[in-house]
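Student: A single structure is presented below for examination.
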Amino acid sequence: MGDESAIRREGLGTDDNGEALTYEMAVLAARAAGEMFARDVTIIDLRELVSYTDYFVVASAETERQTRRVAEEVIEKMIDKGHRPRSKRLDEGTSWISLDFVDVVVHVFTDEARDYYRLESLWRSAPQERLEG
C-alpha cells in the first residue's frame, strides 16, 4: 500500500483480515482521489455506527468536471486492485458523485455541495482521518 505516513491514523483500527482489507480499500480510494488533486480527502470509519458499509471516503474538487475526473480515477485504481463498484452515480452535471464498493462508499463533491451536505459533521461521532500531502 505504500507509505502509511501519508495518512494520519486517529483511532481507526484493523482487528482482523476482513477489516484490514476494507481499510486498505478505503486508503486506496482516498489516495487515488488525492493523486487526482481532490481536496480535503477524509476517511470516516462507520463500522461501529452502521451495518451497510464500513467506511466513507469523502473528497472534493472545484468543478463538476473535476469531481467526475476524481471519481473516474478512483474507479480505475480500485478496479486495478480487483474492487468493482456495485453502483455508481456519475450523472452529468451533478455536484455529488457516489461510488458504492459495498464496504467502502466514496463521495466526491464540488466544494459548494460538500459545504452544503457536511458529511463529516453529520458523522462527527465516527473516527475520521484526513489524507495528508
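Going by the C-alpha cells order, chains are called A, B, ..., each with residues numbered from 1, while ligands are numbered from 1 in the order shown.
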Find the residues near Asp103 (chain A): any atom within 10 Å, counting only C-alpha atoms, skip ones fewer than 5 places away on the same chain, and give them as a PDB file with C-alpha atoms, in the first residue's frame.
Tutor:
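File produced: out-v4.pdb:
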```
ATOM      1  CA  GLU A  19     -11.373  -5.275   8.488  1.00  0.00           C
ATOM      2  CA  LEU A  21      -8.922  -5.331   3.713  1.00  0.00           C
ATOM      3  CA  THR A  22     -11.775  -2.838   3.907  1.00  0.00           C
ATOM      4  CA  TYR A  23      -9.461  -0.268   5.478  1.00  0.00           C
ATOM      5  CA  MET A  25      -9.754  -0.332   0.164  1.00  0.00           C
ATOM      6  CA  ALA A  26     -10.618   2.983   1.822  1.00  0.00           C
ATOM      7  CA  LEU A  46     -18.562   3.853  10.247  1.00  0.00           C
ATOM      8  CA  ARG A  47     -18.032   0.250  11.402  1.00  0.00           C
ATOM      9  CA  SER A  51     -24.331  -2.023   9.054  1.00  0.00           C
ATOM     10  CA  TYR A  52     -24.427  -1.097   5.355  1.00  0.00           C
ATOM     11  CA  THR A  53     -20.782  -0.038   4.936  1.00  0.00           C
ATOM     12  CA  ASP A  54     -17.510   0.178   6.852  1.00  0.00           C
ATOM     13  CA  TYR A  55     -16.025   3.423   5.538  1.00  0.00           C
ATOM     14  CA  PHE A  56     -16.939   6.591   3.709  1.00  0.00           C
TER      15      PHE A  56
END
```
Student: What residues in region 67-123 of chain A get the DSSP label alpha helix (DSSP H)? Please answer as number ranges by chain.
Tutor: A: 67-80, 111-117, 119-122
Student: List every residue of region 4-79 of chain A that has an atom at most 10 Å from any atom of region 109-119 of chain A, and for each one report the closest atom pair and its distance in Å to one decimal, counting only C-alpha atoms, with rows sorted by chain and then by increasing residue number, as JSON lines.
Tutor:
```
{"residue": "A:Ala38", "atom": "CA", "partner": "A:Phe109", "partner_atom": "CA", "distance": 9.5}
{"residue": "A:Arg39", "atom": "CA", "partner": "A:Asp111", "partner_atom": "CA", "distance": 8.7}
{"residue": "A:Asp40", "atom": "CA", "partner": "A:Asp111", "partner_atom": "CA", "distance": 9.8}
{"residue": "A:Ile44", "atom": "CA", "partner": "A:Leu119", "partner_atom": "CA", "distance": 9.2}
{"residue": "A:Phe56", "atom": "CA", "partner": "A:Leu119", "partner_atom": "CA", "distance": 9.2}
{"residue": "A:Val58", "atom": "CA", "partner": "A:Phe109", "partner_atom": "CA", "distance": 7.8}
{"residue": "A:Ala59", "atom": "CA", "partner": "A:Phe109", "partner_atom": "CA", "distance": 6.3}
{"residue": "A:Ser60", "atom": "CA", "partner": "A:Phe109", "partner_atom": "CA", "distance": 4.6}
{"residue": "A:Ala61", "atom": "CA", "partner": "A:Thr110", "partner_atom": "CA", "distance": 5.1}
{"residue": "A:Glu62", "atom": "CA", "partner": "A:Thr110", "partner_atom": "CA", "distance": 5.4}
{"residue": "A:Thr63", "atom": "CA", "partner": "A:Thr110", "partner_atom": "CA", "distance": 5.7}
{"residue": "A:Glu64", "atom": "CA", "partner": "A:Thr110", "partner_atom": "CA", "distance": 6.1}
{"residue": "A:Arg65", "atom": "CA", "partner": "A:Thr110", "partner_atom": "CA", "distance": 9.2}
{"residue": "A:Gln66", "atom": "CA", "partner": "A:Thr110", "partner_atom": "CA", "distance": 8.2}
{"residue": "A:Thr67", "atom": "CA", "partner": "A:Phe109", "partner_atom": "CA", "distance": 6.3}
{"residue": "A:Arg68", "atom": "CA", "partner": "A:Phe109", "partner_atom": "CA", "distance": 9.2}
{"residue": "A:Val70", "atom": "CA", "partner": "A:Phe109", "partner_atom": "CA", "distance": 9.8}
{"residue": "A:Ala71", "atom": "CA", "partner": "A:Phe109", "partner_atom": "CA", "distance": 9.8}
```
Student: Go ahead and save the picked residues with C-alpha atoms, as a PDB file, in the first residue's frame.
Tutor:
```
ATOM      1  CA  ALA A  38      -9.004  16.143  -4.811  1.00  0.00           C
ATOM      2  CA  ARG A  39      -9.072  18.352  -1.732  1.00  0.00           C
ATOM      3  CA  ASP A  40      -9.677  17.526   1.917  1.00  0.00           C
ATOM      4  CA  ILE A  44     -14.791   8.170   8.006  1.00  0.00           C
ATOM      5  CA  PHE A  56     -16.939   6.591   3.709  1.00  0.00           C
ATOM      6  CA  VAL A  58     -15.143  11.975   1.211  1.00  0.00           C
ATOM      7  CA  ALA A  59     -13.338  14.273  -1.220  1.00  0.00           C
ATOM      8  CA  SER A  60     -13.996  17.459  -3.116  1.00  0.00           C
ATOM      9  CA  ALA A  61     -12.918  19.334  -6.214  1.00  0.00           C
ATOM     10  CA  GLU A  62     -13.647  22.790  -7.508  1.00  0.00           C
ATOM     11  CA  THR A  63     -15.840  21.964 -10.520  1.00  0.00           C
ATOM     12  CA  GLU A  64     -18.251  19.220 -11.577  1.00  0.00           C
ATOM     13  CA  ARG A  65     -15.844  18.241 -14.344  1.00  0.00           C
ATOM     14  CA  GLN A  66     -13.033  17.813 -11.813  1.00  0.00           C
ATOM     15  CA  THR A  67     -15.235  15.731  -9.492  1.00  0.00           C
ATOM     16  CA  ARG A  68     -16.007  13.412 -12.390  1.00  0.00           C
ATOM     17  CA  VAL A  70     -11.536  12.264  -9.487  1.00  0.00           C
ATOM     18  CA  ALA A  71     -14.292   9.627  -9.470  1.00  0.00           C
TER      19      ALA A  71
END
```
Student: How many Å lie between CA of Gly34 (chain A) and CA of Val105 (chain A), rounded to one decimal?
Tutor: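 About the pair CA of Gly34 (chain A) and CA of Val105 (chain A): they are 15.8 Å apart.
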Student: Which one is closest to Ser121 (chain A): A:His83, A:Phe37, A:Lys88, A:Thr42? Count only C-alpha atoms.
Tutor: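 Nearest candidate to Ser121 (chain A) out of A:His83, A:Phe37, A:Lys88, A:Thr42: A:Thr42.
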